[in-house]
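J.: Okay, handing you the structure first.
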Amino acid sequence: MKYEYEVFGDDFSKAGLASQDIKKKLQQLGVPIVTVKRTAIAMFEAEINMVIHAHGGKASVEITDGKITILMEDSGPGIPDIDKAMEPGFSTATEEARNLGWGAGMGLPNMKRNSDFLKVESTVGVGTKVTMEIKIADA
């Protein structure tokens, strides 16, 4: 099964809609709760980063018998230093985002912690592509 979503940038009222929908779909499919939680957290963090930093983008989720693959793509400003961005607490979020409770610098670390595979590709001025895979736990 494959699902596609638009992630709306700069609109915090719509932040997390895609990850909420995937969470519901995984629950309906009977996916073990540990996998549902890991997937929802990883995808939500990627979604919030797109809202805060990239003015939105596209999310694709493919569910197979053994894993969930999440692909998040945007045409935002890109990440100049991915290694630095992976450090817990590092953030380039705007003051507005921080005032709303976002931008604590845990997005990429939480994506890494909740996925079995994470690949971040980014080009400054072009955009970012994040690929995550989460193995479906045995029930």
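Quick note on naming: the chains in the structure tokens go A, B, ... in the order shown, residues restart at 1 in each chain, and ligands are numbered from 1 in order of appearance.
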Using only C-alpha atoms, which residues sit within 7 Å of region 67-73 of chain A once same-chain residues fewer than 4 positions away are excluded, as JSON, numbers by chain?

T.: {"A": [57, 58, 59, 60, 61, 62, 63, 128, 129, 130, 131, 132, 133, 134, 135, 136]}

J.: Include C-alpha atoms and write out the residues we just selected as a PDB file, in the first residue's frame.

T.:
```
ATOM      1  CA  GLY A  57       6.647  19.466   0.809  1.00  0.00           C
ATOM      2  CA  LYS A  58       5.495  15.964  -0.042  1.00  0.00           C
ATOM      3  CA  ALA A  59       5.269  12.823   2.070  1.00  0.00           C
ATOM      4  CA  SER A  60       5.027   9.276   0.727  1.00  0.00           C
ATOM      5  CA  VAL A  61       4.505   6.186   2.835  1.00  0.00           C
ATOM      6  CA  GLU A  62       4.730   2.618   1.600  1.00  0.00           C
ATOM      7  CA  ILE A  63       3.579  -0.226   3.821  1.00  0.00           C
ATOM      8  CA  THR A 128      15.953  18.016   1.399  1.00  0.00           C
ATOM      9  CA  LYS A 129      14.990  14.370   1.014  1.00  0.00           C
ATOM     10  CA  VAL A 130      14.579  12.186   4.095  1.00  0.00           C
ATOM     11  CA  THR A 131      14.103   8.447   3.802  1.00  0.00           C
ATOM     12  CA  MET A 132      13.149   6.394   6.860  1.00  0.00           C
ATOM     13  CA  GLU A 133      12.425   2.694   7.215  1.00  0.00           C
ATOM     14  CA  ILE A 134      10.746   1.101  10.203  1.00  0.00           C
ATOM     15  CA  LYS A 135      10.589  -2.662  10.521  1.00  0.00           C
ATOM     16  CA  ILE A 136       7.191  -3.979  11.494  1.00  0.00           C
TER      17      ILE A 136
END
```

J.: Which residues are near Lys23 (chain A)? Cut-off 12 Å, only C-alpha atoms, ignore same chain within fewer than 4 positions. Put them as an MDAnalysis selection string.

T.: chainID A and resid 16:19 27:44 61 63 68

J.: Quick one: residues within 8 Å of Ser91 (chain A), only C-alpha atoms, excluding same-chain residues fewer than 5 positions away - as a PyMOL selection string?

T.: chain A and resi 85+103-105

J.: Using only C-alpha atoms, find the one residue out of A:Lys25, A:Ile82, A:Gly76, A:Lys14 that sits nearest to Lys119 (chain A).

T.: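 Ranking A:Lys25, A:Ile82, A:Gly76, A:Lys14 by distance to Lys119 (chain A), first place goes to A:Ile82.
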
J.: Looking only at helix (DSSP H, G or I) from DSSP on the backbone, list the matching residues of chain A as a count of residues only.

T.: 50

J.: Distance CA of Tyr5 (chain A)-CA of Ile48 (chain A), one decimal place?

T.: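 Value for the CA of Tyr5 (chain A)-CA of Ile48 (chain A) distance: 13.7 Å.
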